[in-house]
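A.B. asks: I am attaching a structure below and will ask some questions about it afterwards.
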Amino acid sequence: MSDQALLSPFHKTLNLSNRVVMAPMTRSRAANEGNIPTEDLYVSYYTQRASAGLIITEGSQVSKDAVGYVNTAGIHSKEQVEGWKKVTKSVHDKGGKIFIQLWHVGRMSHPDFHNGELPLAPSAINPNAQSYTPEGFKDTVTPKAMSIEDIKQTVADFKNAAINAMEAGFDGVEIHSSNGYLFHQFFNGTSNHRTDEYGGSIENRTRFFFEVLDAIKEAIAQEKIGVRFNPSLNGMFGITMDEETIPTFEHIIKKLNDYDLAYVHLSEPFNDVSNIPFAVKHIAKHFRPLYNGTLMINAGFDQESGNKVIEEGNADLVAFGKPFISNPDLVERFKHNYPLADWDTDTFYTPGKEGYIDYPTYEENN
Ligand SMILES: Cc1cc2nc3c(=O)[nH]c(=O)nc-3n(C[C@H](O)[C@H](O)[C@H](O)COP(=O)(O)O)c2cc1C
């Protein structure tokens with residue numbers, strides 16, 4: 001038995017060999033016509049990282065409408081499902097566990113992805129951000145406010161993607177309800193000005209998310225569903241907090257006690273929010289008492305702070321993002337207290353092997 005909390009197994013529903021989770025990370029390596037995860041790149045990348053207690057894949061679009069970045073993999077076509085099957089099999093053969101993150105970017109997109117049509121969003125409000133299109137970064141536009149029909153279709157798309165994920169052999173799905181994308185746009189009063197049952201009150205602004213969760217729950221076991229939130233996101237991805245932002249997340253997280261989910265995955269603030277009056281500065285501490293189920297925490301953790309947050313009882317699992325890009329053997333490095341390799345931001349989203357599957361393990365390098 002290790003004396004590190006991060007390396008202790010986690011038996012509740014998920015049955016993980018350790019508590020080190022690989023956070024979802026877009027790497028834009030599906031540079032092919034059908035945005036298919038390919039064997040040469042995807043299978044190697046995820047298999048190299050299979051000693052994580054749990055891998056959460058990159059955000060994967062649930063439909064053609066859902067996309068907003070070039071070369072991201074999808075989970076809506078037959079070919080994509082076939083590609084992912086090879087990934088899950090290989091990770092499982094190595095004893096790993098893997099969830100897929102289900103993604104719809106909403107207004108964080110560009111007409112170039114939609115044959116010139118406008119991207120979808122709760123309201124016609126431009127996030128004044130940038131979309132990474134096949135021709136490089138472009139300014140976002142004023143999106144189309146979703147009709148009830150659009151909302152129903154999107155609920156169906158998420159359900160279908162969850163069914164596809166099961167067919168592809170994933171251990172579960174994570175709903176990407178974080179980081180300024182479609183669900184977050186519905187939650188936030190500054191991006192949602194709707195006057196129907198999807199806007200106005202907190203209950204209305206969270207309705208779409210719960211409709212999607214309930215639809216997925218009809219198709220797959222609740223214990224296979226995770227959800228992700230970034231409550232104190234401000235000034236990034238087009239999101240501006242207001243006085244109702246934190247109460248909205250408190251409402252959601254308390255309501256999730258009525259479900260039996262795999263986990264709730266939260267991020268600590270991505271930037272300095274000490275001057276934002278509406279922001280909560282310590283997310284794990286604030287939300288842990290509100291949620292009875294498995295809590296995963298992320299953003300800015302290292303070995304020491306990761307062990308500490310679990311020991312202090314503020315989280316059950318810790319998701320590591322960037323450290324996993326450059327340390328495929330992150331778990332082994334923690335185990336032996338080996339130093340970590342630095343990541344190269346220049347190759348986060350570039351096509352091909354470089355900066356993707358060529359980071360050596362500590363043992364390979366020494
Ligand atoms: C290259 C890169 C891509 C990312 N893509 C996603 C994504 O697809 N979905 C998501 O929820 N978060 C995404 N994130 C955020 C990470 O999951 C994580 O929240 C962030 O990196 C902070 O954790 P860290 O300090 O351990 O890196 C991404 C981060 C990076 C660096």
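Residues in the structure tokens are numbered from 1 in each chain, the chains being A, B, ... in the order shown, and ligands are numbered from 1 in the order shown.
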Quick one: pick out all alpha helix (DSSP H) residues within range 141-323 of chain A from a backbone DSSP run and write them as JSON, numbers by chain.
C.D. replies: {"A": [148, 149, 150, 151, 152, 153, 154, 155, 156, 157, 158, 159, 160, 161, 162, 163, 164, 165, 166, 167, 182, 183, 184, 185, 186, 187, 202, 203, 204, 205, 207, 208, 209, 210, 211, 212, 213, 214, 215, 216, 217, 218, 219, 245, 246, 247, 248, 249, 250, 251, 252, 253, 254, 255, 283, 284, 285, 286, 287, 303, 304, 305, 306, 307, 308, 309, 310, 311, 322, 323]}
A.B. asks: Write out as a list in words which residues come within 7 Å of His110 in chain A when counting only C-alpha atoms, dropping same-chain ones fewer than 4 positions away.
C.D. replies: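 Skipping anything fewer than 4 positions along the chain leaves Gly68, Pro119, Ser131, Thr140 and Val141 of chain A.
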A.B. asks: Given the selection you just returned, output its residues as a file containing all heavy atoms, formatted as an mmCIF file, in the first residue's frame.
C.D. replies:
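Listed below is the output, out_23.cif:
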data_model
loop_
_atom_site.group_PDB
_atom_site.id
_atom_site.type_symbol
_atom_site.label_atom_id
_atom_site.label_comp_id
_atom_site.auth_asym_id
_atom_site.auth_seq_id
_atom_site.Cartn_x
_atom_site.Cartn_y
_atom_site.Cartn_z
ATOM 1 N N GLY A 68 -16.374 23.054 -32.956
ATOM 2 C CA GLY A 68 -15.924 24.452 -32.979
ATOM 3 C C GLY A 68 -14.423 24.591 -33.114
ATOM 4 O O GLY A 68 -13.897 25.703 -33.100
ATOM 5 N N PRO A 119 -23.552 29.216 -35.769
ATOM 6 C CA PRO A 119 -23.519 28.247 -34.663
ATOM 7 C C PRO A 119 -24.714 28.443 -33.736
ATOM 8 O O PRO A 119 -25.336 29.517 -33.734
ATOM 9 C CB PRO A 119 -22.221 28.583 -33.916
ATOM 10 C CG PRO A 119 -21.540 29.652 -34.665
ATOM 11 C CD PRO A 119 -22.465 30.202 -35.694
ATOM 12 N N SER A 131 -12.537 31.258 -32.606
ATOM 13 C CA SER A 131 -12.727 29.852 -32.943
ATOM 14 C C SER A 131 -11.534 29.417 -33.796
ATOM 15 O O SER A 131 -11.058 30.168 -34.655
ATOM 16 C CB SER A 131 -14.033 29.698 -33.725
ATOM 17 O OG SER A 131 -14.136 28.401 -34.275
ATOM 18 N N THR A 140 -15.372 34.927 -33.316
ATOM 19 C CA THR A 140 -16.712 34.326 -33.270
ATOM 20 C C THR A 140 -17.742 35.341 -33.787
ATOM 21 O O THR A 140 -17.459 36.533 -33.874
ATOM 22 C CB THR A 140 -17.071 33.925 -31.824
ATOM 23 O OG1 THR A 140 -16.871 35.062 -30.985
ATOM 24 C CG2 THR A 140 -16.246 32.749 -31.339
ATOM 25 N N VAL A 141 -18.914 34.816 -34.090
ATOM 26 C CA VAL A 141 -19.989 35.667 -34.630
ATOM 27 C C VAL A 141 -21.178 35.644 -33.655
ATOM 28 O O VAL A 141 -21.151 34.912 -32.666
ATOM 29 C CB VAL A 141 -20.465 35.135 -36.008
ATOM 30 C CG1 VAL A 141 -19.317 35.125 -37.011
ATOM 31 C CG2 VAL A 141 -21.080 33.740 -35.870
#
A.B. asks: Which residue out of A:Glu39, A:Asp329, A:Asp139, A:Glu174 has the minimum interatomic distance to ligand 1 when only C-alpha atoms and all ligand atoms are used?
C.D. replies: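 Comparing A:Glu39, A:Asp329, A:Asp139, A:Glu174 against ligand 1, the winner is A:Glu174.
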A.B. asks: Set out as CSV a contact list for chain A and ligand 1 with a cut-off of 6 Å, giving each residue of chain A that qualifies its closest atom pair and distance in Å to one decimal, counting only C-alpha atoms and all ligand atoms, ordered by chain and rising residue number.
C.D. replies:
residue,atom,partner,partner_atom_place_in_ligand_line,distance
A:Ala23,CA,ligand 1,17 (O),4.5
A:Pro24,CA,ligand 1,17 (O),4.4
A:Met25,CA,ligand 1,5 (N),3.3
A:Thr26,CA,ligand 1,5 (N),3.8
A:Arg27,CA,ligand 1,1 (C),5.8
A:Glu58,CA,ligand 1,8 (O),4.3
A:Gly59,CA,ligand 1,8 (O),3.8
A:His176,CA,ligand 1,11 (O),5.9
A:Asn298,CA,ligand 1,23 (O),5.5
A:Ala299,CA,ligand 1,23 (O),3.5
A:Gly300,CA,ligand 1,25 (O),3.4
A:Phe301,CA,ligand 1,26 (O),5.7
A:Phe320,CA,ligand 1,26 (O),3.8
A:Gly321,CA,ligand 1,27 (O),3.6
A:Lys322,CA,ligand 1,27 (O),3.8
A:Phe348,CA,ligand 1,1 (C),5.0
A.B. asks: Can you tell me which residues surround Phe183 in chain A at a distance of at most 12 Å, considering only C-alpha atoms, apart from same-chain residues fewer than 6 positions away, and format the answer as a PyMOL selection string?
C.D. replies: chain A and resi 66+102-108+120-122+151+154-155+158+175-177+189+191-192+198+205-213+227-230+239+249+252
A.B. asks: One decimal, Å: what's the distance from CA of Thr13 in chain A over to CA of Ala168 in chain A, could you say?
C.D. replies: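 CA of Ala168 in chain A lies at a distance of 20.5 Å from CA of Thr13 in chain A.
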A.B. asks: Out of A:Gly136, A:Gly34, A:Gly96, A:Gly226, which residue has the shortest atom-to-atom distance to Tyr259 in chain A when counting only C-alpha atoms?
C.D. replies: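 Among the listed residues, A:Gly226 lies closest to Tyr259 in chain A.
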A.B. asks: Name the residues in contact with range 235-237 of chain A at a cut-off of 7 Å, using only C-alpha atoms, excluding same-chain residues fewer than 2 positions from it; report them as a PyMOL selection string.
C.D. replies: chain A and resi 129+179-180+233+239-240
